[in-house]
Structures are given as C-alpha cells and as structure tokens.
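Participant: My file is model.cif. It has mmCIF, N, CA and C atoms:
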```
data_data
loop_
_atom_site.label_atom_id
_atom_site.label_comp_id
_atom_site.auth_asym_id
_atom_site.auth_seq_id
_atom_site.Cartn_x
_atom_site.Cartn_y
_atom_site.Cartn_z
N MET H 1 -34.60 10.12 81.92
CA MET H 1 -33.31 10.48 81.36
C MET H 1 -32.23 9.63 82.02
N GLN H 2 -31.44 9.01 81.22
CA GLN H 2 -30.31 8.24 81.74
C GLN H 2 -29.04 9.07 81.59
N THR H 3 -28.22 9.05 82.61
CA THR H 3 -26.94 9.74 82.57
C THR H 3 -25.89 8.87 83.21
N ILE H 4 -24.67 9.26 83.06
CA ILE H 4 -23.55 8.54 83.67
C ILE H 4 -23.05 9.35 84.85
N TRP H 5 -22.84 8.70 85.96
CA TRP H 5 -22.22 9.19 87.18
C TRP H 5 -23.14 10.11 87.98
N LEU H 6 -23.66 11.18 87.42
CA LEU H 6 -24.54 12.10 88.13
C LEU H 6 -25.93 12.06 87.50
N SER H 7 -26.90 12.59 88.21
CA SER H 7 -28.25 12.70 87.64
C SER H 7 -28.28 13.85 86.64
N GLY H 8 -29.34 13.92 85.85
CA GLY H 8 -29.50 15.01 84.91
C GLY H 8 -29.49 16.37 85.59
N ALA H 9 -30.17 16.48 86.71
CA ALA H 9 -30.22 17.74 87.46
C ALA H 9 -28.83 18.12 87.98
N GLU H 10 -28.08 17.11 88.41
CA GLU H 10 -26.72 17.40 88.90
C GLU H 10 -25.81 17.84 87.76
N TRP H 11 -25.95 17.23 86.57
CA TRP H 11 -25.15 17.68 85.42
C TRP H 11 -25.50 19.11 85.04
N LEU H 12 -26.77 19.48 85.14
CA LEU H 12 -27.17 20.86 84.87
C LEU H 12 -26.57 21.81 85.90
N ALA H 13 -26.48 21.37 87.14
CA ALA H 13 -25.83 22.18 88.17
C ALA H 13 -24.35 22.35 87.86
N VAL H 14 -23.71 21.29 87.39
CA VAL H 14 -22.30 21.37 86.99
C VAL H 14 -22.14 22.41 85.87
N LEU H 15 -23.05 22.37 84.90
CA LEU H 15 -23.01 23.33 83.80
C LEU H 15 -23.17 24.75 84.32
N ARG H 16 -24.13 24.97 85.21
CA ARG H 16 -24.37 26.29 85.81
C ARG H 16 -23.15 26.78 86.58
N ILE H 17 -22.58 25.91 87.39
CA ILE H 17 -21.41 26.28 88.19
C ILE H 17 -20.23 26.57 87.29
N GLY H 18 -20.05 25.76 86.25
CA GLY H 18 -18.97 26.02 85.29
C GLY H 18 -19.12 27.38 84.62
N LEU H 19 -20.34 27.72 84.26
CA LEU H 19 -20.60 29.04 83.66
C LEU H 19 -20.27 30.14 84.67
N GLY H 20 -20.63 29.93 85.92
CA GLY H 20 -20.30 30.89 86.96
C GLY H 20 -18.80 31.06 87.12
N LEU H 21 -18.06 29.96 87.06
CA LEU H 21 -16.60 30.04 87.15
C LEU H 21 -16.02 30.78 85.95
N TRP H 22 -16.64 30.63 84.79
CA TRP H 22 -16.21 31.35 83.60
C TRP H 22 -16.39 32.86 83.79
N TRP H 23 -17.54 33.26 84.36
CA TRP H 23 -17.76 34.68 84.65
C TRP H 23 -16.76 35.18 85.70
N LEU H 24 -16.49 34.37 86.71
CA LEU H 24 -15.51 34.78 87.72
C LEU H 24 -14.12 34.95 87.12
N GLU H 25 -13.77 34.10 86.18
CA GLU H 25 -12.47 34.24 85.50
C GLU H 25 -12.46 35.52 84.66
N SER H 26 -13.56 35.83 84.01
CA SER H 26 -13.65 37.09 83.24
C SER H 26 -13.42 38.28 84.17
N TRP H 27 -13.98 38.21 85.36
CA TRP H 27 -13.80 39.28 86.34
C TRP H 27 -12.35 39.30 86.86
N ARG H 28 -11.82 38.13 87.19
CA ARG H 28 -10.49 38.03 87.80
C ARG H 28 -9.39 38.58 86.90
N HIS H 29 -9.47 38.28 85.62
CA HIS H 29 -8.35 38.66 84.76
C HIS H 29 -8.45 40.10 84.22
N LYS H 30 -9.53 40.80 84.55
CA LYS H 30 -9.64 42.20 84.11
C LYS H 30 -8.64 43.07 84.88
N ASP H 31 -8.04 44.02 84.18
CA ASP H 31 -7.17 45.01 84.81
C ASP H 31 -8.07 46.07 85.44
N LYS H 32 -8.45 45.84 86.70
CA LYS H 32 -9.41 46.74 87.35
C LYS H 32 -8.88 48.16 87.46
N LYS H 33 -7.59 48.31 87.74
CA LYS H 33 -7.02 49.65 87.82
C LYS H 33 -7.16 50.36 86.47
N GLY H 34 -6.90 49.63 85.40
CA GLY H 34 -7.07 50.19 84.06
C GLY H 34 -8.51 50.57 83.78
N TRP H 35 -9.43 49.68 84.12
CA TRP H 35 -10.85 49.94 83.88
C TRP H 35 -11.34 51.13 84.70
N PHE H 36 -10.97 51.16 85.99
CA PHE H 36 -11.54 52.16 86.90
C PHE H 36 -10.79 53.50 86.88
N GLU H 37 -9.47 53.47 86.79
CA GLU H 37 -8.70 54.70 86.88
C GLU H 37 -8.37 55.31 85.52
N ARG H 38 -8.09 54.47 84.54
CA ARG H 38 -7.70 54.98 83.22
C ARG H 38 -8.80 54.83 82.17
N GLY H 39 -9.86 54.11 82.51
CA GLY H 39 -10.98 53.95 81.58
C GLY H 39 -10.67 53.10 80.36
N THR H 40 -9.74 52.16 80.49
CA THR H 40 -9.28 51.39 79.33
C THR H 40 -10.37 50.52 78.71
N GLY H 41 -11.18 49.88 79.54
CA GLY H 41 -12.21 48.98 79.02
C GLY H 41 -13.27 49.71 78.22
N ILE H 42 -13.76 50.80 78.75
CA ILE H 42 -14.79 51.57 78.07
C ILE H 42 -14.20 52.28 76.85
N ALA H 43 -12.95 52.73 76.95
CA ALA H 43 -12.30 53.37 75.79
C ALA H 43 -12.16 52.37 74.65
N TRP H 44 -11.78 51.14 74.98
CA TRP H 44 -11.67 50.10 73.95
C TRP H 44 -13.04 49.84 73.32
N ALA H 45 -14.07 49.71 74.15
CA ALA H 45 -15.42 49.46 73.63
C ALA H 45 -15.91 50.64 72.80
N ALA H 46 -15.57 51.87 73.19
CA ALA H 46 -15.96 53.05 72.42
C ALA H 46 -15.32 53.03 71.04
N ASP H 47 -14.07 52.59 70.98
CA ASP H 47 -13.38 52.48 69.69
C ASP H 47 -14.07 51.44 68.80
N VAL H 48 -14.42 50.30 69.40
CA VAL H 48 -15.12 49.25 68.64
C VAL H 48 -16.48 49.75 68.18
N ALA H 49 -17.23 50.37 69.08
CA ALA H 49 -18.57 50.87 68.73
C ALA H 49 -18.49 51.96 67.68
N GLY H 50 -17.47 52.82 67.76
CA GLY H 50 -17.34 53.91 66.80
C GLY H 50 -17.10 53.44 65.38
N LYS H 51 -16.50 52.26 65.23
CA LYS H 51 -16.20 51.70 63.90
C LYS H 51 -17.23 50.65 63.47
N HIS H 52 -18.26 50.48 64.26
CA HIS H 52 -19.20 49.39 64.03
C HIS H 52 -19.98 49.57 62.74
N ARG H 53 -20.25 48.46 62.06
CA ARG H 53 -20.98 48.53 60.79
C ARG H 53 -22.47 48.79 60.98
N TRP H 54 -22.98 48.53 62.18
CA TRP H 54 -24.40 48.77 62.46
C TRP H 54 -24.53 50.08 63.22
N SER H 55 -25.22 51.03 62.65
CA SER H 55 -25.32 52.36 63.27
C SER H 55 -26.03 52.34 64.62
N PHE H 56 -26.96 51.39 64.82
CA PHE H 56 -27.66 51.36 66.11
C PHE H 56 -26.71 51.04 67.26
N VAL H 57 -25.62 50.32 66.98
CA VAL H 57 -24.63 50.03 68.02
C VAL H 57 -23.87 51.31 68.37
N THR H 58 -23.41 52.02 67.35
CA THR H 58 -22.70 53.28 67.58
C THR H 58 -23.60 54.28 68.30
N ASN H 59 -24.83 54.44 67.82
CA ASN H 59 -25.76 55.40 68.43
C ASN H 59 -26.11 55.01 69.86
N GLY H 60 -26.38 53.73 70.08
CA GLY H 60 -26.71 53.26 71.42
C GLY H 60 -25.56 53.46 72.39
N PHE H 61 -24.35 53.17 71.94
CA PHE H 61 -23.17 53.36 72.80
C PHE H 61 -23.01 54.84 73.15
N GLU H 62 -23.16 55.70 72.16
CA GLU H 62 -23.01 57.13 72.40
C GLU H 62 -24.06 57.69 73.35
N LYS H 63 -25.26 57.13 73.32
CA LYS H 63 -26.34 57.62 74.19
C LYS H 63 -26.29 57.03 75.60
N VAL H 64 -25.91 55.76 75.70
CA VAL H 64 -25.99 55.08 77.00
C VAL H 64 -24.65 55.04 77.73
N VAL H 65 -23.59 54.66 77.04
CA VAL H 65 -22.31 54.41 77.70
C VAL H 65 -21.41 55.64 77.74
N SER H 66 -21.24 56.30 76.61
CA SER H 66 -20.29 57.43 76.52
C SER H 66 -20.53 58.54 77.55
N PRO H 67 -21.78 58.90 77.86
CA PRO H 67 -21.98 59.97 78.86
C PRO H 67 -21.57 59.58 80.29
N ARG H 68 -21.42 58.31 80.55
CA ARG H 68 -21.11 57.86 81.92
C ARG H 68 -20.08 56.72 81.91
N PRO H 69 -18.88 56.97 81.42
CA PRO H 69 -17.90 55.90 81.27
C PRO H 69 -17.46 55.26 82.59
N LYS H 70 -17.29 56.05 83.62
CA LYS H 70 -16.84 55.50 84.90
C LYS H 70 -17.90 54.58 85.50
N ALA H 71 -19.16 55.02 85.49
CA ALA H 71 -20.24 54.19 86.02
C ALA H 71 -20.38 52.91 85.21
N MET H 72 -20.23 53.00 83.90
CA MET H 72 -20.34 51.81 83.05
C MET H 72 -19.20 50.85 83.28
N ALA H 73 -18.01 51.37 83.56
CA ALA H 73 -16.88 50.50 83.87
C ALA H 73 -17.16 49.68 85.13
N TYR H 74 -17.65 50.35 86.16
CA TYR H 74 -18.00 49.65 87.40
C TYR H 74 -19.13 48.66 87.16
N LEU H 75 -20.13 49.06 86.37
CA LEU H 75 -21.26 48.20 86.09
C LEU H 75 -20.81 46.91 85.39
N VAL H 76 -19.98 47.02 84.37
CA VAL H 76 -19.53 45.84 83.64
C VAL H 76 -18.68 44.93 84.52
N VAL H 77 -17.71 45.50 85.19
CA VAL H 77 -16.79 44.69 86.00
C VAL H 77 -17.52 44.00 87.13
N TYR H 78 -18.36 44.73 87.85
CA TYR H 78 -19.04 44.12 88.99
C TYR H 78 -20.23 43.26 88.58
N ALA H 79 -20.78 43.49 87.40
CA ALA H 79 -21.81 42.58 86.88
C ALA H 79 -21.21 41.21 86.65
N GLU H 80 -20.00 41.15 86.09
CA GLU H 80 -19.35 39.86 85.86
C GLU H 80 -19.09 39.15 87.19
N LEU H 81 -18.66 39.89 88.21
CA LEU H 81 -18.45 39.29 89.53
C LEU H 81 -19.76 38.78 90.11
N ALA H 82 -20.81 39.58 90.05
CA ALA H 82 -22.12 39.19 90.59
C ALA H 82 -22.67 37.96 89.86
N LEU H 83 -22.54 37.95 88.55
CA LEU H 83 -23.00 36.79 87.78
C LEU H 83 -22.26 35.53 88.21
N GLY H 84 -20.95 35.63 88.32
CA GLY H 84 -20.16 34.48 88.72
C GLY H 84 -20.53 33.96 90.09
N LEU H 85 -20.62 34.85 91.06
CA LEU H 85 -20.97 34.44 92.42
C LEU H 85 -22.38 33.86 92.48
N GLY H 86 -23.32 34.51 91.80
CA GLY H 86 -24.71 34.04 91.80
C GLY H 86 -24.84 32.65 91.19
N LEU H 87 -24.14 32.41 90.09
CA LEU H 87 -24.25 31.11 89.43
C LEU H 87 -23.52 30.01 90.18
N VAL H 88 -22.37 30.30 90.73
CA VAL H 88 -21.64 29.28 91.49
C VAL H 88 -22.42 28.91 92.75
N ALA H 89 -22.91 29.90 93.47
CA ALA H 89 -23.66 29.63 94.70
C ALA H 89 -25.10 29.22 94.42
N GLY H 90 -25.58 29.50 93.24
CA GLY H 90 -26.98 29.21 92.94
C GLY H 90 -27.92 30.14 93.68
N LEU H 91 -27.54 31.41 93.76
CA LEU H 91 -28.35 32.41 94.46
C LEU H 91 -28.95 33.36 93.43
N LEU H 92 -30.28 33.46 93.43
CA LEU H 92 -31.01 34.26 92.44
C LEU H 92 -30.61 33.82 91.02
N THR H 93 -30.51 32.52 90.86
CA THR H 93 -29.99 31.91 89.64
C THR H 93 -30.72 32.35 88.37
N PRO H 94 -32.05 32.32 88.33
CA PRO H 94 -32.70 32.73 87.07
C PRO H 94 -32.36 34.17 86.69
N ILE H 95 -32.25 35.04 87.68
CA ILE H 95 -31.90 36.43 87.42
C ILE H 95 -30.47 36.51 86.88
N ALA H 96 -29.56 35.76 87.49
CA ALA H 96 -28.17 35.73 87.01
C ALA H 96 -28.08 35.16 85.60
N LEU H 97 -28.85 34.12 85.32
CA LEU H 97 -28.82 33.52 83.98
C LEU H 97 -29.36 34.48 82.92
N ILE H 98 -30.44 35.18 83.23
CA ILE H 98 -30.98 36.15 82.28
C ILE H 98 -30.01 37.32 82.11
N GLY H 99 -29.46 37.80 83.22
CA GLY H 99 -28.47 38.89 83.15
C GLY H 99 -27.24 38.49 82.34
N GLY H 100 -26.74 37.29 82.57
CA GLY H 100 -25.58 36.81 81.82
C GLY H 100 -25.89 36.64 80.35
N LEU H 101 -27.07 36.12 80.06
CA LEU H 101 -27.48 35.95 78.66
C LEU H 101 -27.53 37.31 77.96
N LEU H 102 -28.12 38.31 78.61
CA LEU H 102 -28.19 39.64 78.02
C LEU H 102 -26.81 40.27 77.85
N LEU H 103 -25.94 40.10 78.85
CA LEU H 103 -24.59 40.66 78.75
C LEU H 103 -23.81 39.98 77.62
N ASN H 104 -23.92 38.67 77.50
CA ASN H 104 -23.25 37.98 76.40
C ASN H 104 -23.80 38.42 75.05
N LEU H 105 -25.10 38.62 74.96
CA LEU H 105 -25.67 39.09 73.69
C LEU H 105 -25.19 40.50 73.36
N LEU H 106 -25.06 41.36 74.38
CA LEU H 106 -24.50 42.70 74.15
C LEU H 106 -23.06 42.61 73.67
N TYR H 107 -22.27 41.77 74.33
CA TYR H 107 -20.87 41.57 73.91
C TYR H 107 -20.83 41.02 72.48
N LEU H 108 -21.72 40.09 72.18
CA LEU H 108 -21.76 39.46 70.86
C LEU H 108 -22.04 40.51 69.77
N VAL H 109 -23.00 41.37 70.01
CA VAL H 109 -23.36 42.40 69.04
C VAL H 109 -22.23 43.43 68.93
N LEU H 110 -21.68 43.86 70.05
CA LEU H 110 -20.62 44.87 70.01
C LEU H 110 -19.39 44.34 69.27
N MET H 111 -19.05 43.10 69.51
CA MET H 111 -17.81 42.54 68.94
C MET H 111 -18.09 41.61 67.76
N VAL H 112 -19.06 41.97 66.94
CA VAL H 112 -19.47 41.13 65.83
C VAL H 112 -18.31 40.85 64.87
N HIS H 113 -17.30 41.70 64.83
CA HIS H 113 -16.17 41.51 63.93
C HIS H 113 -15.05 40.69 64.54
N ASP H 114 -15.07 40.48 65.86
CA ASP H 114 -13.97 39.79 66.55
C ASP H 114 -14.32 38.31 66.69
N TRP H 115 -13.87 37.50 65.74
CA TRP H 115 -14.23 36.08 65.73
C TRP H 115 -13.74 35.34 66.95
N ALA H 116 -12.63 35.74 67.52
CA ALA H 116 -12.11 35.06 68.71
C ALA H 116 -13.08 35.18 69.88
N GLU H 117 -13.69 36.34 70.03
CA GLU H 117 -14.63 36.57 71.13
C GLU H 117 -16.00 35.97 70.86
N GLN H 118 -16.37 35.85 69.60
CA GLN H 118 -17.71 35.39 69.27
C GLN H 118 -18.00 33.99 69.78
N GLY H 119 -17.03 33.10 69.67
CA GLY H 119 -17.26 31.74 70.14
C GLY H 119 -17.54 31.69 71.63
N GLN H 120 -16.76 32.42 72.40
CA GLN H 120 -16.95 32.46 73.85
C GLN H 120 -18.31 33.02 74.20
N ASN H 121 -18.68 34.14 73.61
CA ASN H 121 -19.97 34.76 73.94
C ASN H 121 -21.14 33.91 73.48
N ALA H 122 -21.03 33.30 72.32
CA ALA H 122 -22.11 32.44 71.84
C ALA H 122 -22.29 31.23 72.75
N MET H 123 -21.18 30.61 73.17
CA MET H 123 -21.28 29.43 74.03
C MET H 123 -21.80 29.79 75.43
N MET H 124 -21.34 30.92 75.97
CA MET H 124 -21.84 31.34 77.27
C MET H 124 -23.34 31.66 77.20
N ALA H 125 -23.77 32.29 76.12
CA ALA H 125 -25.20 32.59 75.95
C ALA H 125 -26.00 31.29 75.84
N LEU H 126 -25.50 30.34 75.08
CA LEU H 126 -26.19 29.05 74.94
C LEU H 126 -26.29 28.32 76.28
N ILE H 127 -25.21 28.31 77.04
CA ILE H 127 -25.24 27.66 78.36
C ILE H 127 -26.24 28.36 79.27
N SER H 128 -26.26 29.69 79.23
CA SER H 128 -27.23 30.44 80.04
C SER H 128 -28.65 30.05 79.68
N LEU H 129 -28.93 29.96 78.39
CA LEU H 129 -30.28 29.62 77.94
C LEU H 129 -30.67 28.21 78.37
N VAL H 130 -29.77 27.25 78.18
CA VAL H 130 -30.05 25.86 78.58
C VAL H 130 -30.23 25.78 80.09
N ALA H 131 -29.34 26.40 80.84
CA ALA H 131 -29.43 26.36 82.31
C ALA H 131 -30.70 27.03 82.81
N LEU H 132 -31.14 28.08 82.12
CA LEU H 132 -32.38 28.76 82.50
C LEU H 132 -33.60 27.89 82.21
N LEU H 133 -33.69 27.40 80.98
CA LEU H 133 -34.87 26.62 80.59
C LEU H 133 -34.94 25.27 81.30
N ALA H 134 -33.80 24.73 81.70
CA ALA H 134 -33.78 23.46 82.42
C ALA H 134 -33.85 23.65 83.94
N MET H 135 -33.98 24.91 84.36
CA MET H 135 -34.11 25.24 85.79
C MET H 135 -32.96 24.62 86.60
N SER H 136 -31.75 24.99 86.24
CA SER H 136 -30.55 24.39 86.83
C SER H 136 -30.33 24.72 88.30
N TRP H 137 -31.18 25.54 88.88
CA TRP H 137 -31.05 25.90 90.30
C TRP H 137 -31.73 24.88 91.21
N GLN H 138 -32.27 23.80 90.65
CA GLN H 138 -32.98 22.80 91.46
C GLN H 138 -32.03 21.92 92.27
N THR H 139 -30.77 21.94 91.96
CA THR H 139 -29.78 21.10 92.63
C THR H 139 -28.54 21.92 92.95
N TRP H 140 -27.96 21.66 94.11
CA TRP H 140 -26.71 22.30 94.53
C TRP H 140 -26.79 23.82 94.44
N SER H 141 -27.84 24.39 95.02
CA SER H 141 -27.98 25.85 94.96
C SER H 141 -28.61 26.37 96.24
N LEU H 142 -28.28 27.61 96.56
CA LEU H 142 -28.93 28.28 97.69
C LEU H 142 -30.40 28.53 97.38
N ASP H 143 -30.72 28.73 96.10
CA ASP H 143 -32.13 28.90 95.72
C ASP H 143 -32.94 27.68 96.14
N ASP H 144 -32.40 26.50 95.90
CA ASP H 144 -33.09 25.25 96.27
C ASP H 144 -33.22 25.14 97.78
N VAL H 145 -32.15 25.45 98.50
CA VAL H 145 -32.15 25.36 99.97
C VAL H 145 -33.20 26.30 100.55
N MET H 146 -33.32 27.50 99.96
CA MET H 146 -34.26 28.51 100.47
C MET H 146 -35.67 28.37 99.86
N GLY H 147 -35.83 27.42 98.95
CA GLY H 147 -37.14 27.21 98.33
C GLY H 147 -37.54 28.30 97.34
N LEU H 148 -36.57 28.94 96.75
CA LEU H 148 -36.86 30.00 95.77
C LEU H 148 -37.03 29.41 94.38
N PHE H 149 -37.84 30.03 93.57
CA PHE H 149 -38.01 29.70 92.16
C PHE H 149 -38.40 28.24 91.94
N LEU H 150 -39.36 27.77 92.73
CA LEU H 150 -39.78 26.37 92.60
C LEU H 150 -40.57 26.14 91.33
#
```
Please, can you express the file's structure as structure tokens?
Facilitator:
Amino acid sequence: MQTIWLSGAEWLAVLRIGLGLWWLESWRHKDKKGWFERGTGIAWAADVAGKHRWSFVTNGFEKVVSPRPKAMAYLVVYAELALGLGLVAGLLTPIALIGGLLLNLLYLVLMVHDWAEQGQNAMMALISLVALLAMSWQTWSLDDVMGLFL
C-alpha cells in the first residue's frame, strides 16, 4: 500500500484517534446537569421513541430504558467518555470500536427521522467498522505497547 506522508497503519491510527475525539466532543458538549438532574436526554429520547414508526423501538425503549432513566443517562454519557478515551489512547480498542459501532447503530435506529443526526451516526459507524476490520490499534496505541489484540 502506498500512502502520502504516513504509513497505512499510521493513517488508520489517525482515523481511530479522530473518531475518539469525536466521541469526546459528544461527551463534552452534553449538558450533564440536565441529563443527570433533570433527565433531559432520556426524556428527549423517550419522546422520539414514543413517536417512532417502528413499534420494536417504542417497545424496546419502554422495556429497557424507561424503567431506569437515571441509570441510562449515566450509561449513555459515560459510555461516550469511555469510548473517546479508549479510542484516543488506543486502550481496549476493539472493544471500544464494537461498543461505539453498536451505540451509533442504536442512535441511528432511534433517530431514523432526524436527517441531521443520521449522517453523523452513519459516518461514525463506518469509521468504527473500518478501524475495527483494519485493526487500527497496531500503531500509536496502548494496546500495541502492551501487546494486546495481536
């Protein structure tokens, strides 16, 4: 493989780190007080799920998320932080990439009507898939330093 400036593995690391920074930005700009104290994030998602055209989304939300809104708020917010840190540092990278891919797919299905969000979630999912299948943790990662996931 020929590349310009960096090797192919280094470009994949850049892609992985960029995805991690994207997750960190998602975490940074969230109104944590709103999510944790007023339940704004889960309330918004409940409204979206309640109007969803696919009944499995509404039913799934009511069974999994609605009974535990506070725990789900913490799970979503801190999952985004963990994904960002894991991808930037390259720590447990395959796990972070799979987790991010699943979270983006959940967001994609939940917000199927919101075209503005669809592009972001689709691109983040695609980057996760490429970074996973290309084993982007082989360069510039703690996984590589520790000999994990060889």
Participant: Have a look at H:Val77, H:Leu110, H:Leu102, H:Trp137 and name the one nearest to Ala125 (chain H); count all atoms listed in the file.
Facilitator: H:Leu102
Participant: Rank H:Trp22, H:Lys70, H:Leu106, H:Lys63 by their smallest atom-to-atom distance to Ile127 (chain H), using only C-alpha atoms, and report the top residue only.
Facilitator: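 Of H:Trp22, H:Lys70, H:Leu106, H:Lys63, the one nearest Ile127 (chain H), counting only C-alpha atoms, is H:Trp22.
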Participant: Mind telling me what the PyMOL selection byres (((chain H and resi 23 and name CA) around 12) and name CA) catches here, as a short mmCIF file (atom, residue, chain, number, x, y, z; two decimals) with N, CA and C atoms, in the coordinates of the input?
Facilitator:
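Written out: part_29.cif:
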```
data_model
loop_
_atom_site.label_atom_id
_atom_site.label_comp_id
_atom_site.auth_asym_id
_atom_site.auth_seq_id
_atom_site.Cartn_x
_atom_site.Cartn_y
_atom_site.Cartn_z
N ARG H 16 -24.13 24.97 85.21
CA ARG H 16 -24.37 26.29 85.81
C ARG H 16 -23.15 26.78 86.58
N ILE H 17 -22.58 25.91 87.39
CA ILE H 17 -21.41 26.28 88.19
C ILE H 17 -20.23 26.57 87.29
N GLY H 18 -20.05 25.76 86.25
CA GLY H 18 -18.97 26.02 85.29
C GLY H 18 -19.12 27.38 84.62
N LEU H 19 -20.34 27.72 84.26
CA LEU H 19 -20.60 29.04 83.66
C LEU H 19 -20.27 30.14 84.67
N GLY H 20 -20.63 29.93 85.92
CA GLY H 20 -20.30 30.89 86.96
C GLY H 20 -18.80 31.06 87.12
N LEU H 21 -18.06 29.96 87.06
CA LEU H 21 -16.60 30.04 87.15
C LEU H 21 -16.02 30.78 85.95
N TRP H 22 -16.64 30.63 84.79
CA TRP H 22 -16.21 31.35 83.60
C TRP H 22 -16.39 32.86 83.79
N LEU H 24 -16.49 34.37 86.71
CA LEU H 24 -15.51 34.78 87.72
C LEU H 24 -14.12 34.95 87.12
N GLU H 25 -13.77 34.10 86.18
CA GLU H 25 -12.47 34.24 85.50
C GLU H 25 -12.46 35.52 84.66
N SER H 26 -13.56 35.83 84.01
CA SER H 26 -13.65 37.09 83.24
C SER H 26 -13.42 38.28 84.17
N TRP H 27 -13.98 38.21 85.36
CA TRP H 27 -13.80 39.28 86.34
C TRP H 27 -12.35 39.30 86.86
N ARG H 28 -11.82 38.13 87.19
CA ARG H 28 -10.49 38.03 87.80
C ARG H 28 -9.39 38.58 86.90
N HIS H 29 -9.47 38.28 85.62
CA HIS H 29 -8.35 38.66 84.76
C HIS H 29 -8.45 40.10 84.22
N LYS H 30 -9.53 40.80 84.55
CA LYS H 30 -9.64 42.20 84.11
C LYS H 30 -8.64 43.07 84.88
N VAL H 76 -19.98 47.02 84.37
CA VAL H 76 -19.53 45.84 83.64
C VAL H 76 -18.68 44.93 84.52
N VAL H 77 -17.71 45.50 85.19
CA VAL H 77 -16.79 44.69 86.00
C VAL H 77 -17.52 44.00 87.13
N TYR H 78 -18.36 44.73 87.85
CA TYR H 78 -19.04 44.12 88.99
C TYR H 78 -20.23 43.26 88.58
N ALA H 79 -20.78 43.49 87.40
CA ALA H 79 -21.81 42.58 86.88
C ALA H 79 -21.21 41.21 86.65
N GLU H 80 -20.00 41.15 86.09
CA GLU H 80 -19.35 39.86 85.86
C GLU H 80 -19.09 39.15 87.19
N LEU H 81 -18.66 39.89 88.21
CA LEU H 81 -18.45 39.29 89.53
C LEU H 81 -19.76 38.78 90.11
N ALA H 82 -20.81 39.58 90.05
CA ALA H 82 -22.12 39.19 90.59
C ALA H 82 -22.67 37.96 89.86
N LEU H 83 -22.54 37.95 88.55
CA LEU H 83 -23.00 36.79 87.78
C LEU H 83 -22.26 35.53 88.21
N GLY H 84 -20.95 35.63 88.32
CA GLY H 84 -20.16 34.48 88.72
C GLY H 84 -20.53 33.96 90.09
N LEU H 85 -20.62 34.85 91.06
CA LEU H 85 -20.97 34.44 92.42
C LEU H 85 -22.38 33.86 92.48
N GLY H 86 -23.32 34.51 91.80
CA GLY H 86 -24.71 34.04 91.80
C GLY H 86 -24.84 32.65 91.19
N LEU H 87 -24.14 32.41 90.09
CA LEU H 87 -24.25 31.11 89.43
C LEU H 87 -23.52 30.01 90.18
N VAL H 88 -22.37 30.30 90.73
CA VAL H 88 -21.64 29.28 91.49
C VAL H 88 -22.42 28.91 92.75
N ALA H 96 -29.56 35.76 87.49
CA ALA H 96 -28.17 35.73 87.01
C ALA H 96 -28.08 35.16 85.60
N LEU H 97 -28.85 34.12 85.32
CA LEU H 97 -28.82 33.52 83.98
C LEU H 97 -29.36 34.48 82.92
N GLY H 99 -29.46 37.80 83.22
CA GLY H 99 -28.47 38.89 83.15
C GLY H 99 -27.24 38.49 82.34
N GLY H 100 -26.74 37.29 82.57
CA GLY H 100 -25.58 36.81 81.82
C GLY H 100 -25.89 36.64 80.35
N LEU H 101 -27.07 36.12 80.06
CA LEU H 101 -27.48 35.95 78.66
C LEU H 101 -27.53 37.31 77.96
N LEU H 103 -25.94 40.10 78.85
CA LEU H 103 -24.59 40.66 78.75
C LEU H 103 -23.81 39.98 77.62
N ASN H 104 -23.92 38.67 77.50
CA ASN H 104 -23.25 37.98 76.40
C ASN H 104 -23.80 38.42 75.05
N GLN H 120 -16.76 32.42 72.40
CA GLN H 120 -16.95 32.46 73.85
C GLN H 120 -18.31 33.02 74.20
N ASN H 121 -18.68 34.14 73.61
CA ASN H 121 -19.97 34.76 73.94
C ASN H 121 -21.14 33.91 73.48
N MET H 124 -21.34 30.92 75.97
CA MET H 124 -21.84 31.34 77.27
C MET H 124 -23.34 31.66 77.20
N ALA H 125 -23.77 32.29 76.12
CA ALA H 125 -25.20 32.59 75.95
C ALA H 125 -26.00 31.29 75.84
N SER H 128 -26.26 29.69 79.23
CA SER H 128 -27.23 30.44 80.04
C SER H 128 -28.65 30.05 79.68
#
```
Participant: Any chance you could work out the residue set of the PyMOL selection byres ((chain H and resi 39-56) around 8) here, as a list of chain:residue names?
Facilitator: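 That selection, the PyMOL selection byres ((chain H and resi 39-56) around 8), comes back as H:Asp31, H:Lys32, H:Lys33, H:Gly34, H:Trp35, H:Phe36, H:Glu37, H:Arg38, H:Val57, H:Thr58, H:Asn59, H:Gly60, H:Phe61, H:Glu62, H:Val65, H:Ser66, H:Pro69, H:Lys70, H:Met72, H:Ala73, H:Leu110, H:Met111, H:Val112, H:His113.
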Participant: Report as number ranges by chain: the residues of region 50-82 of chain H with a DSSP assignment of helix (DSSP H, G or I), based on the backbone of this structure.
Facilitator: H: 50, 55-65, 69-82
Participant: Pick out the closest residue to Trp11 (chain H) from this set: H:Asp144, H:Leu92, H:Ser136, H:Met123. Count all atoms listed in the file.
Facilitator: H:Ser136
Participant: Counting all atoms listed in the file, which residue out of H:Ala116, H:Ala131, H:Leu148, H:Ser141 sits closest to Leu12 (chain H)?
Facilitator: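 When distances to Leu12 (chain H) are compared using all atoms listed in the file, the smallest one comes from H:Ala131.
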Participant: Report, in Å with one decimal, the straight-line distance from CA of Pro94 (chain H) to CA of Val109 (chain H).
Facilitator: 22.5 Å
Participant: How many Å lie between atom N of Ala9 (chain H) and CA of Leu91 (chain H), rounded to one decimal?
Facilitator: 17.8 Å
Participant: Mind giving me the straight-line distance from CA of Ile4 (chain H) to CA of Thr139 (chain H) in Å, one decimal?
Facilitator: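 Computed distance, CA of Ile4 (chain H) to CA of Thr139 (chain H), equals 16.6 Å.
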